[in-house]
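Colleague: Encoded as structure tokens, here's the structure I'll be asking about.
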Amino acid sequence: MNAKQWPVTLLITLPFLFFTCNRNVTPSMQVQEQEEQGFDTPYTIKSDPSPLPLTPEQTLASFRLPKGYHMELVASEPMITEPVAIAWDGNERMYVAQMETYMQTVDTTGEHEPHSRIMLLEDTNNDGRMDKSSVFIDKLMLPRMILCVGSELLVNETDTYDIYAYKDTNGDGVADQKRRVYHINKRAPGNLEHQRSGLDWNLDNWIYVTVDPVRFRYKNGMLEADTLASGSNGQWGLTHDNFGRLFFSRAGGENAGSGFQINPVYGQLEFRDAYIDSTFGAVWPIIKTPDIQGGLKRIRPDTTLNHFTAGNGQSIFRGDRLPKTLVGDYLINEPVARIIRRAKVINKAGKTTLENAYDKQEFIASTDMNFRPVNTYTGPDGCLYIVDMYRGIIQEGTWTAKGSYLRPQIQRLGLDKNIQRGRIYRLVYDGLSRGPKPKMLSEPGSKLVTYLDHPNGWWRDNAQKELVVRQDKSVIPVLKQIIKGETTALGHKPSALGRLHALWTLEGLEALDKDIILTAMKDDDEQVRRAAVWVSEPWLVANDADMLTQLKSMKDDTSYDVRVQLLLSLHKSQSPKAKELVNEVLEANTANEMLKNTQLAIERNDDVKKYGIKLGSLNETNRKMIMEGAMIFQSLCSTCHGPEGQGLPSQVAPPLAGFSQRLMTNKDAMIKILLHGLTGPIEDKTYPDMMPPMGANEDEWIASVLSYVRYDLGRPNRGGVSPEELSRILVKPEDVKNMRQHTAGRDKAWTWAELTPASKSPN
């Protein structure tokens with residue numbers, strides 16, 4: 001599929017910044033191997049929290065943290081307002097994206113006006129607090145993604161797919177140069193919470209985003225798109241670990257983590273027990289949280305939120321200035337609960353799962369009702385940073401409309417008055433100091449290459465990115481020395497992470513050769529071996545005999561991660577030897593859940609590329625419409641209804657698969673639901689959230705997703721159909737247009753009771 005053909009989808013919203021490091025310690029102190037157990041204070045719930053904004057100092061005193069951890073303020077209003085995302089350049093200057101028109105009233109007044117900014121912040125005296133600021137870019141429309149690339153800042157705004165590069169050429173802190181680096185000729189409509197986020201430059205040198213079925217490669221100053229056949233994942237928030245594993249989350253589906261089994265370029269693979277929803281899905285605030293969008297089902301008797309409803313802004317901590325026990329842990333915000341979850345990432349036989357690090361407690365929790373964390377990051381100083389939007393309303397206007405459960409709670413507490421603030425915090429730990437400032441933008445490649453072995457993942461990532469952006473070929477010999485484990489380049493034996501980044505930097509410089517890959521395949525470290533298999537794919541496409549022979553010797557590798565990557569990468573080859581090797585790996589691991597399901601995911605991805613049997617009987621127009629609907633469903637609707645419409649463990653929305661009567665009986669009722677939303681019980685079952693209206697999308701968009709749902713999910717027999725049956729199943733854009741006109745005066749969601757009588761007569 002052409003990258004310009006992929007459809008629009010969703011995103012999530014809302015952010016506040018937090019930093020993590022320690023205070024009053026000397027830089028020479030060693031990183032602690034362990035952290036203290038327990039919390040400084042017992043777990044209690046504040047029953048009468050004030051909805052009024054607190055000063056930054058008061059908010060600092062509101063946090064409950066594990067022993068040894070402390071919060072520090074990095075920036076606050078009026079220097080920043082409504083922050084949602086941050087990015088550092090190679091010299092540690094911080095860019096802050098601000099959604100300054102987001103929910104300024106309960107009715108979203110002026111939300112889509114171009115009055116937002118990106119601020120540039122600096123700490124000139126190195127005391128840990130930002131003391132210099134400038135408006136880097138103004139007159140933006142809700143900027144949502146930013147990424148530093150060399151001396152430029154890549155920016156994407158709401159309601160558009162376009163990405164621009166901004167640059168300050170005279171050093172005054174204000175962008176004076178703008179150029180478009182990515183463009184497709186279509187608008188990105190819909191709820192702003194359901195649009196893309198990310199721009200995450202991963203270890204594999206691809207830049208990933210959520211929602212939209214595409215990833216990017218930065219080449220010659222432009223972004224080149226690569227379509228993800230089975231779609232992307234997630235909503236607001238995207239991160240990766242030390243080994244290039246991506247982590248998404250889907251707030252709309254009350255999901256706190258997804259998409260972390262395999263890279264989406266190979267397909268989609270989710271396990272219902274990737275975390276145990278009954279334990280991991282529950283959240284543990286330390287204040288009453290009446291302002292929730294899920295209604296009474298999502299409130300405990302003590303008026304605290306009982307489940308994730310807005311998980312976002314996740315990160316894997318990869319720094320070196322907090323306890324080593326935190327490194328590799330998964331952190332995700334829940335701004336409705338005013339908490340940040342810490343999870344242990346567990347790999348068992350190749351399958352990844354998440355577990356809360358604490359029993360019925362949270363890593364970070366606040367009694368400040370306006371604490372709204374929306375993004376987390378590992379910083380250049382080795383600490384954790386948290387972006388706090390610090391505001392009263394965190395939910396978008398779809399969930400605050402008249403008649404909603406949430407609206408009277410907001411107005412009763414006066415939360416709609418708490419706007420135009422924002423904070424960034426740093427988390428620190430006793431005995432650990434902040435790391436030194438980087439100066440990468442002015443340093444030569446020979447210096448940058450040494451940072452590939454740095455203990456802080458931020459330094460490794462950004463050194464690799466800078467070398468790739470510069471296309472600095474002078475470092476190729478040194479990179480090969482590092483991959484071979486030679487001490488010449490660094491003055492010491494390179495770590496496994498150093499060898500890993502050297503390998504991917506070589507890939508980004510388009511300087512890999514077969515000999516260095518074969519060397520890496522024999523590395524002592526399993527993640528280096530896995531990466532070597534990954535980067536060998538161009539040779540597998542060419543059916544290289546030497547590469548296939550080496551891979552055959554790895555089929556019984558002690559690491560299941562390596563075996564999984566063998567399946568993923570061998571699929572690139574059409575050689576009979578590759579197919580034989582895949583079969584050998586599968587036959588030797590029949591009891592392994594991860595390997596079996598990885599192969600199924602690959603095959604499903606192939607089916608998407610080939611259209612599949614059920615699409616083979618359709619003409620080109622109908623096939624395109626249903627394929628686009630399938631992609632919309634996977635990127636958006638699956639957040640609540642499950643990847644194949646089977647529902648989610650959280651039961652946030654009704655399952656669709658297997659309910660042919662519900663889906664097929666009345667076409668008009670389904671159009672009404674998409675246009676205006678659905679609220680209340682469905683067939684006597686109550687769900688925690690409403691179906692939001694999708695009427696802001698075009699008639700073609702609604703017709704395509706409904707046609708997919710009815711043609712694919714709504715039919716037990718998924719073979720071809722007669723022209724007459726097909727006409728009854730498919731929803732045409734003119735059907736949507738007519739219903740839109742017929743219900744033009746409708747300003748509230750439908751109820752199942754209203755639609756049930758109509759659904760009894762087949763259409």
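By order in the structure tokens, chains are A, B, ...; within a chain, residues start at 1; ligands start at 1, following the order shown.
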So that I can see what lies close to Thr400 (chain A), please list as number ranges by chain the residues with an atom at most 8 Å from it, counting only C-alpha atoms and leaving out residues fewer than 5 positions away in the same chain.
Modeller: A: 106-107, 293, 395, 405-407
Colleague: Based on the selection just made, write all heavy atoms of those residues as a CSV table (one decimal), in the first residue's frame.
Modeller:
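Now in result.csv:
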chain,number,residue,atom,x,y,z
A,106,VAL,N,-15.3,24.1,29.5
A,106,VAL,CA,-15.9,22.7,29.5
A,106,VAL,C,-16.5,22.4,28.1
A,106,VAL,O,-16.7,21.3,27.8
A,106,VAL,CB,-16.9,22.6,30.6
A,106,VAL,CG1,-18.1,23.4,30.3
A,106,VAL,CG2,-17.2,21.1,30.9
A,107,ASP,N,-16.7,23.5,27.3
A,107,ASP,CA,-17.3,23.3,26.0
A,107,ASP,C,-16.3,23.4,24.9
A,107,ASP,O,-16.7,23.6,23.7
A,107,ASP,CB,-18.4,24.4,25.8
A,107,ASP,CG,-19.6,24.1,26.7
A,107,ASP,OD1,-20.1,23.0,26.8
A,107,ASP,OD2,-20.1,25.1,27.4
A,293,GLN,N,-14.4,9.9,33.6
A,293,GLN,CA,-15.4,9.8,32.5
A,293,GLN,C,-16.1,8.5,32.5
A,293,GLN,O,-17.1,8.3,31.8
A,293,GLN,CB,-14.6,10.0,31.2
A,293,GLN,CG,-13.7,8.9,30.8
A,293,GLN,CD,-12.3,9.1,31.3
A,293,GLN,OE1,-12.0,9.8,32.3
A,293,GLN,NE2,-11.3,8.6,30.5
A,395,GLN,N,-9.8,15.4,30.4
A,395,GLN,CA,-10.5,14.8,29.4
A,395,GLN,C,-11.0,15.8,28.3
A,395,GLN,O,-11.3,16.9,28.6
A,395,GLN,CB,-11.8,14.0,29.9
A,395,GLN,CG,-11.5,13.0,30.9
A,395,GLN,CD,-11.4,13.5,32.3
A,395,GLN,OE1,-11.4,14.7,32.6
A,395,GLN,NE2,-11.4,12.6,33.3
A,405,TYR,N,-21.6,12.1,32.6
A,405,TYR,CA,-21.4,12.0,34.1
A,405,TYR,C,-20.3,13.0,34.5
A,405,TYR,O,-20.4,13.5,35.6
A,405,TYR,CB,-20.9,10.5,34.4
A,405,TYR,CG,-20.4,10.4,35.8
A,405,TYR,CD1,-21.4,10.1,36.8
A,405,TYR,CD2,-19.1,10.5,36.2
A,405,TYR,CE1,-21.0,9.9,38.1
A,405,TYR,CE2,-18.7,10.4,37.5
A,405,TYR,CZ,-19.7,10.1,38.5
A,405,TYR,OH,-19.3,10.0,39.8
A,406,LEU,N,-19.3,13.2,33.7
A,406,LEU,CA,-18.2,14.0,34.1
A,406,LEU,C,-18.5,15.5,34.2
A,406,LEU,O,-18.0,16.2,35.1
A,406,LEU,CB,-17.0,13.8,33.1
A,406,LEU,CG,-15.7,14.5,33.3
A,406,LEU,CD1,-15.1,14.1,34.6
A,406,LEU,CD2,-14.8,14.2,32.2
A,407,ARG,N,-19.3,16.1,33.4
A,407,ARG,CA,-19.5,17.5,33.3
A,407,ARG,C,-19.9,18.1,34.7
A,407,ARG,O,-19.3,19.1,35.2
A,407,ARG,CB,-20.6,17.8,32.3
A,407,ARG,CG,-20.7,19.3,32.0
A,407,ARG,CD,-21.8,19.6,31.0
A,407,ARG,NE,-22.0,21.0,30.7
A,407,ARG,CZ,-21.4,21.6,29.6
A,407,ARG,NH1,-20.7,20.9,28.8
A,407,ARG,NH2,-21.6,22.9,29.4
Colleague: Could you jot down the CA of Gln550 (chain A) to CA of Asn205 (chain A) separation for me, Å, one decimal place?
Modeller: 24.6 Å
Colleague: For a quick check of understanding, using only C-alpha atoms, which of A:Gly90, A:Leu674, A:Ile276, A:Ile626 has the smallest distance to Leu448 (chain A)?
Modeller: A:Gly90
Colleague: If we count only C-alpha atoms and set the cut-off at 10 Å, which residues sit around region 54-59 of chain A, ignoring sequence neighbours fewer than 2 positions away in its own chain? Please answer as a CSV table (one decimal) with N, CA, C and O atoms, in the first residue's frame.
Modeller:
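Wrote selection28.csv, looks like this:
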chain,number,residue,atom,x,y,z
A,50,SER,N,-8.4,19.6,48.0
A,50,SER,CA,-8.8,20.9,47.5
A,50,SER,C,-8.7,20.9,45.9
A,50,SER,O,-7.6,20.5,45.4
A,51,PRO,N,-9.7,21.3,45.2
A,51,PRO,CA,-9.5,21.5,43.8
A,51,PRO,C,-8.8,22.7,43.3
A,51,PRO,O,-8.5,22.8,42.2
A,52,LEU,N,-8.4,23.5,44.3
A,52,LEU,CA,-7.7,24.8,43.9
A,52,LEU,C,-6.3,24.5,43.6
A,52,LEU,O,-5.6,23.6,44.1
A,61,ALA,N,5.3,18.9,48.0
A,61,ALA,CA,5.0,18.3,49.3
A,61,ALA,C,3.9,17.3,49.2
A,61,ALA,O,3.6,16.6,50.2
A,62,SER,N,3.2,17.2,48.0
A,62,SER,CA,2.0,16.4,47.9
A,62,SER,C,2.3,15.0,47.5
A,62,SER,O,1.4,14.1,47.5
A,63,PHE,N,3.5,14.7,47.1
A,63,PHE,CA,3.8,13.4,46.5
A,63,PHE,C,4.1,12.4,47.5
A,63,PHE,O,4.8,12.6,48.5
A,71,MET,N,11.2,14.6,44.5
A,71,MET,CA,10.9,15.3,43.3
A,71,MET,C,11.6,16.7,43.4
A,71,MET,O,11.7,17.3,44.4
A,72,GLU,N,12.0,17.2,42.2
A,72,GLU,CA,12.6,18.5,42.1
A,72,GLU,C,11.8,19.2,41.0
A,72,GLU,O,11.5,18.6,39.9
A,73,LEU,N,11.6,20.5,41.1
A,73,LEU,CA,11.0,21.3,40.1
A,73,LEU,C,12.0,21.8,39.1
A,73,LEU,O,13.1,22.3,39.4
A,75,ALA,N,10.7,23.4,35.9
A,75,ALA,CA,10.1,24.5,35.2
A,75,ALA,C,8.7,24.6,35.6
A,75,ALA,O,8.1,23.5,35.9
A,76,SER,N,8.1,25.8,35.6
A,76,SER,CA,6.7,25.9,36.0
A,76,SER,C,6.1,27.2,35.3
A,76,SER,O,6.8,27.9,34.7
A,77,GLU,N,4.8,27.4,35.5
A,77,GLU,CA,4.2,28.6,35.0
A,77,GLU,C,4.8,29.8,35.8
A,77,GLU,O,5.2,29.6,36.9
A,366,SER,N,0.0,11.6,44.0
A,366,SER,CA,-0.1,12.9,44.5
A,366,SER,C,-1.5,13.2,45.1
A,366,SER,O,-2.5,12.6,44.6
A,367,THR,N,-1.6,14.0,46.1
A,367,THR,CA,-2.9,14.5,46.7
A,367,THR,C,-3.3,15.8,46.1
A,367,THR,O,-4.3,16.4,46.5
A,368,ASP,N,-2.6,16.3,45.1
A,368,ASP,CA,-2.9,17.5,44.4
A,368,ASP,C,-3.9,17.2,43.2
A,368,ASP,O,-3.5,16.5,42.3
A,369,MET,N,-5.1,17.7,43.3
A,369,MET,CA,-6.1,17.4,42.3
A,369,MET,C,-5.7,17.8,40.9
A,369,MET,O,-6.3,17.4,39.9
A,370,ASN,N,-4.8,18.8,40.8
A,370,ASN,CA,-4.4,19.3,39.5
A,370,ASN,C,-3.2,18.7,38.9
A,370,ASN,O,-2.7,19.1,37.8
A,371,PHE,N,-2.6,17.7,39.6
A,371,PHE,CA,-1.5,17.0,39.1
A,371,PHE,C,-1.9,16.1,37.9
A,371,PHE,O,-2.7,15.2,38.1
A,390,TYR,N,-0.7,20.1,34.6
A,390,TYR,CA,-1.2,20.8,35.8
A,390,TYR,C,-2.5,21.6,35.5
A,390,TYR,O,-2.4,22.8,35.3
A,422,GLY,N,1.4,24.7,34.3
A,422,GLY,CA,2.1,23.6,33.8
A,422,GLY,C,3.5,23.5,34.5
A,422,GLY,O,4.1,24.5,34.9
A,423,ARG,N,3.9,22.2,34.7
A,423,ARG,CA,5.2,22.0,35.4
A,423,ARG,C,6.0,20.8,34.8
A,423,ARG,O,5.4,19.9,34.2
A,424,ILE,N,7.3,20.9,35.1
A,424,ILE,CA,8.2,19.8,34.7
A,424,ILE,C,8.9,19.5,36.0
A,424,ILE,O,9.5,20.4,36.6
A,425,TYR,N,8.9,18.2,36.3
A,425,TYR,CA,9.6,17.8,37.5
A,425,TYR,C,10.7,16.8,37.2
A,425,TYR,O,10.7,16.1,36.2
Colleague: Got a sec to tell me which of region 433-523 of chain A DSSP assigns to helix (DSSP H, G or I), as a VMD selection string?
Modeller: chain A and resid 440 to 442 445 to 453 457 to 470 473 to 483 496 to 508 514 to 520
Colleague: Identify, on the basis of only C-alpha atoms, every residue whose closest approach to Leu503 (chain A) does not exceed 10 Å; exclude the query and any residue fewer than 5 positions from it along the same chain; express the result as a list of chain:residue names.
Modeller: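 Counting only the stated atoms, we get A:Leu203, A:Asp204, A:Leu479, A:Lys480, A:Ile482, A:Ile483, A:Lys484, A:Leu497, A:Gly498, A:Gly508, A:Ala511, A:Leu512, A:Ile516, A:Ile517, A:Ala520, A:Val528, A:Ala531, A:Ala532, A:Val535.
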Colleague: Would you mind listing, for every residue of region 128-228 of chain A within 9 Å of region 691-701 of chain A, the two atoms forming the shortest contact and the distance between them in Å to one decimal, using only C-alpha atoms, sorted by chain and ascending residue number, as a Markdown table?
Modeller:
| residue | atom | partner | partner_atom | distance |
| --- | --- | --- | --- | --- |
| A:Pro189 | CA | A:Asn697 | CA | 6.0 |
| A:Gly190 | CA | A:Ala696 | CA | 5.5 |
| A:Asn191 | CA | A:Ala696 | CA | 7.7 |
Colleague: Neighbouring residues of region 466-472 of chain A were defined as those with any atom within 12 Å, considering only C-alpha atoms; residues of the same chain fewer than 5 positions away were excluded. Please report them as a ChimeraX atom specification.
Modeller: /A:89-91,148-152,201,203-206,217-223,439-452,459-461,477-479,501-511
Colleague: Expressed in Å to a single decimal, how great is the separation between CA of Gln420 (chain A) and CA of Glu82 (chain A)?
Modeller: 5.7 Å
Colleague: Give the answer as one residue: which of A:Ile394, A:Ile332, A:Leu568, A:Leu551 has the shortest atom-to-atom distance to Pro264 (chain A), using only C-alpha atoms?
Modeller: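 Going through A:Ile394, A:Ile332, A:Leu568, A:Leu551 one by one, the smallest distance to Pro264 (chain A) is for A:Leu568.
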Colleague: From the set A:Ile80, A:Ala229, A:Ala274, A:Met690, which residue has the shortest atom-to-atom contact distance to Thr353 (chain A), counting only C-alpha atoms?
Modeller: A:Ala274
Colleague: Within 9 Å of Tyr161 (chain A), counting only C-alpha atoms, which residues qualify if same-chain residues fewer than 5 places away don't, as JSON, numbers by chain?
Modeller: {"A": [8, 156, 182, 183, 184, 185, 186, 187, 188, 196]}
Colleague: How would the residues just chosen look if you wrote them out with C-alpha atoms as a PDB file, in the first residue's frame?
Modeller:
ATOM      1  CA  VAL A   8      -6.567   8.672   9.550  1.00  0.00           C
ATOM      2  CA  ASN A 156       3.586  17.883  13.894  1.00  0.00           C
ATOM      3  CA  TYR A 182       6.695  15.194   5.141  1.00  0.00           C
ATOM      4  CA  HIS A 183       3.376  15.804   3.407  1.00  0.00           C
ATOM      5  CA  ILE A 184       0.355  13.890   2.185  1.00  0.00           C
ATOM      6  CA  ASN A 185      -2.578  15.560   0.563  1.00  0.00           C
ATOM      7  CA  LYS A 186      -5.239  14.856   3.163  1.00  0.00           C
ATOM      8  CA  ARG A 187      -6.482  16.323   6.421  1.00  0.00           C
ATOM      9  CA  ALA A 188      -6.256  14.464   9.735  1.00  0.00           C
ATOM     10  CA  ARG A 196      -0.983  10.404  16.415  1.00  0.00           C
TER      11      ARG A 196
END
Colleague: Do you have, as a tab-separated table, the list of residues of region 304-347 of chain A lying at most 12 Å from region 379-387 of chain A, each with its nearest atom pair and that distance in Å to one decimal, counting only C-alpha atoms and ordered by chain then number?
Modeller:
residue	atom	partner	partner_atom	distance
A:Asn312	CA	A:Val387	CA	11.2
A:Gly313	CA	A:Val387	CA	8.8
A:Gln314	CA	A:Ile386	CA	10.1
A:Ser315	CA	A:Leu384	CA	9.3
A:Ile316	CA	A:Leu384	CA	9.8
A:Phe317	CA	A:Leu384	CA	7.1
A:Arg318	CA	A:Gly382	CA	7.7
A:Gly319	CA	A:Gly382	CA	4.1
A:Asp320	CA	A:Gly382	CA	4.8
A:Arg321	CA	A:Gly382	CA	4.8
A:Leu322	CA	A:Cys383	CA	6.4
A:Pro323	CA	A:Cys383	CA	10.1
A:Lys324	CA	A:Gly382	CA	11.3
A:Leu326	CA	A:Leu384	CA	10.2
A:Val327	CA	A:Gly382	CA	10.5
A:Asp329	CA	A:Leu384	CA	11.6
A:Tyr330	CA	A:Leu384	CA	11.8
A:Leu331	CA	A:Leu384	CA	9.9
A:Ile332	CA	A:Ile386	CA	10.3
A:Asn333	CA	A:Ile386	CA	9.2
A:Pro335	CA	A:Val387	CA	10.9
A:Ile339	CA	A:Ile386	CA	11.4
A:Ile340	CA	A:Ile386	CA	9.5
Colleague: For the residues selected in the previous step, produce a file with C-alpha atoms as a short mmCIF file (atom, residue, chain, number, x, y, z; two decimals), in the first residue's frame.
Modeller:
data_model
loop_
_atom_site.label_atom_id
_atom_site.label_comp_id
_atom_site.auth_asym_id
_atom_site.auth_seq_id
_atom_site.Cartn_x
_atom_site.Cartn_y
_atom_site.Cartn_z
CA ASN A 312 -0.40 7.66 28.62
CA GLY A 313 3.07 9.08 28.20
CA GLN A 314 4.91 5.86 29.02
CA SER A 315 8.67 5.40 29.09
CA ILE A 316 11.24 2.74 29.87
CA PHE A 317 13.73 4.20 32.34
CA ARG A 318 17.21 3.92 30.81
CA GLY A 319 19.23 6.45 32.80
CA ASP A 320 22.22 6.06 35.08
CA ARG A 321 21.44 8.46 37.95
CA LEU A 322 18.73 6.50 39.72
CA PRO A 323 18.99 3.04 41.32
CA LYS A 324 19.88 0.29 38.88
CA LEU A 326 14.72 1.05 38.15
CA VAL A 327 16.59 0.64 34.84
CA ASP A 329 11.22 -0.65 34.27
CA TYR A 330 8.08 0.53 32.48
CA LEU A 331 6.54 3.80 33.71
CA ILE A 332 3.08 4.99 32.65
CA ASN A 333 0.94 7.90 33.79
CA PRO A 335 -3.63 11.53 35.13
CA ILE A 339 -0.43 8.55 39.72
CA ILE A 340 2.50 7.11 37.79
#
Colleague: Neighbours of region 640-653 of chain A within 8 Å (only C-alpha atoms; same-chain residues fewer than 3 positions away dropped), as a list in words?
Modeller: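 Listed by chain and then number, they are Gly252, Gly253, Glu254, Asn255, Arg272, Asp277, Gly281, Gln634, Cys637, Leu656, Ala657, Gly658, Tyr687, Pro688, Asp689, Met691 and Leu713 of chain A.
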Colleague: Just write the chosen residues, N, CA and C atoms, as a PDB file, in the first residue's frame.
Modeller:
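New file part-v3.pdb:
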ATOM      1  N   GLY A 252      -8.015   4.705  25.409  1.00  0.00           N
ATOM      2  CA  GLY A 252      -9.419   4.532  25.094  1.00  0.00           C
ATOM      3  C   GLY A 252      -9.939   3.155  25.433  1.00  0.00           C
ATOM      4  N   GLY A 253      -9.075   2.145  25.375  1.00  0.00           N
ATOM      5  CA  GLY A 253      -9.451   0.788  25.731  1.00  0.00           C
ATOM      6  C   GLY A 253      -9.106   0.443  27.158  1.00  0.00           C
ATOM      7  N   GLU A 254      -8.805   1.472  27.966  1.00  0.00           N
ATOM      8  CA  GLU A 254      -8.390   1.285  29.362  1.00  0.00           C
ATOM      9  C   GLU A 254      -7.199   0.339  29.441  1.00  0.00           C
ATOM     10  N   ASN A 255      -6.331   0.452  28.451  1.00  0.00           N
ATOM     11  CA  ASN A 255      -5.173  -0.427  28.323  1.00  0.00           C
ATOM     12  C   ASN A 255      -3.913   0.327  28.740  1.00  0.00           C
ATOM     13  N   ARG A 272      -3.703 -11.745  25.691  1.00  0.00           N
ATOM     14  CA  ARG A 272      -4.662 -11.260  26.680  1.00  0.00           C
ATOM     15  C   ARG A 272      -4.068 -11.240  28.079  1.00  0.00           C
ATOM     16  N   ASP A 277      -5.273  -8.192  34.026  1.00  0.00           N
ATOM     17  CA  ASP A 277      -6.067  -6.983  34.163  1.00  0.00           C
ATOM     18  C   ASP A 277      -6.631  -6.805  35.567  1.00  0.00           C
ATOM     19  N   GLY A 281      -4.526  -3.821  35.951  1.00  0.00           N
ATOM     20  CA  GLY A 281      -5.453  -2.797  35.470  1.00  0.00           C
ATOM     21  C   GLY A 281      -5.956  -1.884  36.571  1.00  0.00           C
ATOM     22  N   GLN A 634      -8.316  -1.301  13.152  1.00  0.00           N
ATOM     23  CA  GLN A 634      -7.156  -1.781  13.898  1.00  0.00           C
ATOM     24  C   GLN A 634      -6.440  -0.654  14.618  1.00  0.00           C
ATOM     25  N   CYS A 637     -10.561   1.586  16.512  1.00  0.00           N
ATOM     26  CA  CYS A 637     -11.660   0.887  17.185  1.00  0.00           C
ATOM     27  C   CYS A 637     -11.171  -0.273  18.050  1.00  0.00           C
ATOM     28  N   LEU A 656     -17.597  -7.298  19.328  1.00  0.00           N
ATOM     29  CA  LEU A 656     -18.320  -7.232  18.065  1.00  0.00           C
ATOM     30  C   LEU A 656     -18.296  -8.568  17.333  1.00  0.00           C
ATOM     31  N   ALA A 657     -17.153  -9.243  17.380  1.00  0.00           N
ATOM     32  CA  ALA A 657     -17.025 -10.521  16.686  1.00  0.00           C
ATOM     33  C   ALA A 657     -18.000 -11.534  17.286  1.00  0.00           C
ATOM     34  N   GLY A 658     -18.710 -12.245  16.418  1.00  0.00           N
ATOM     35  CA  GLY A 658     -19.635 -13.262  16.883  1.00  0.00           C
ATOM     36  C   GLY A 658     -21.030 -12.762  17.192  1.00  0.00           C
ATOM     37  N   TYR A 687     -21.431  -0.734  30.369  1.00  0.00           N
ATOM     38  CA  TYR A 687     -19.995  -0.620  30.139  1.00  0.00           C
ATOM     39  C   TYR A 687     -19.492   0.673  30.762  1.00  0.00           C
ATOM     40  N   PRO A 688     -18.199   0.737  31.134  1.00  0.00           N
ATOM     41  CA  PRO A 688     -17.696   1.886  31.892  1.00  0.00           C
ATOM     42  C   PRO A 688     -17.581   3.187  31.128  1.00  0.00           C
ATOM     43  N   ASP A 689     -17.679   3.143  29.824  1.00  0.00           N
ATOM     44  CA  ASP A 689     -17.515   4.372  29.057  1.00  0.00           C
ATOM     45  C   ASP A 689     -18.505   4.384  27.899  1.00  0.00           C
ATOM     46  N   MET A 691     -19.575   5.178  23.866  1.00  0.00           N
ATOM     47  CA  MET A 691     -18.997   5.169  22.523  1.00  0.00           C
ATOM     48  C   MET A 691     -18.999   6.611  22.029  1.00  0.00           C
ATOM     49  N   LEU A 713     -16.443  -8.700  10.585  1.00  0.00           N
ATOM     50  CA  LEU A 713     -16.736  -9.130  11.949  1.00  0.00           C
ATOM     51  C   LEU A 713     -18.171  -9.614  12.114  1.00  0.00           C
TER      52      LEU A 713
END
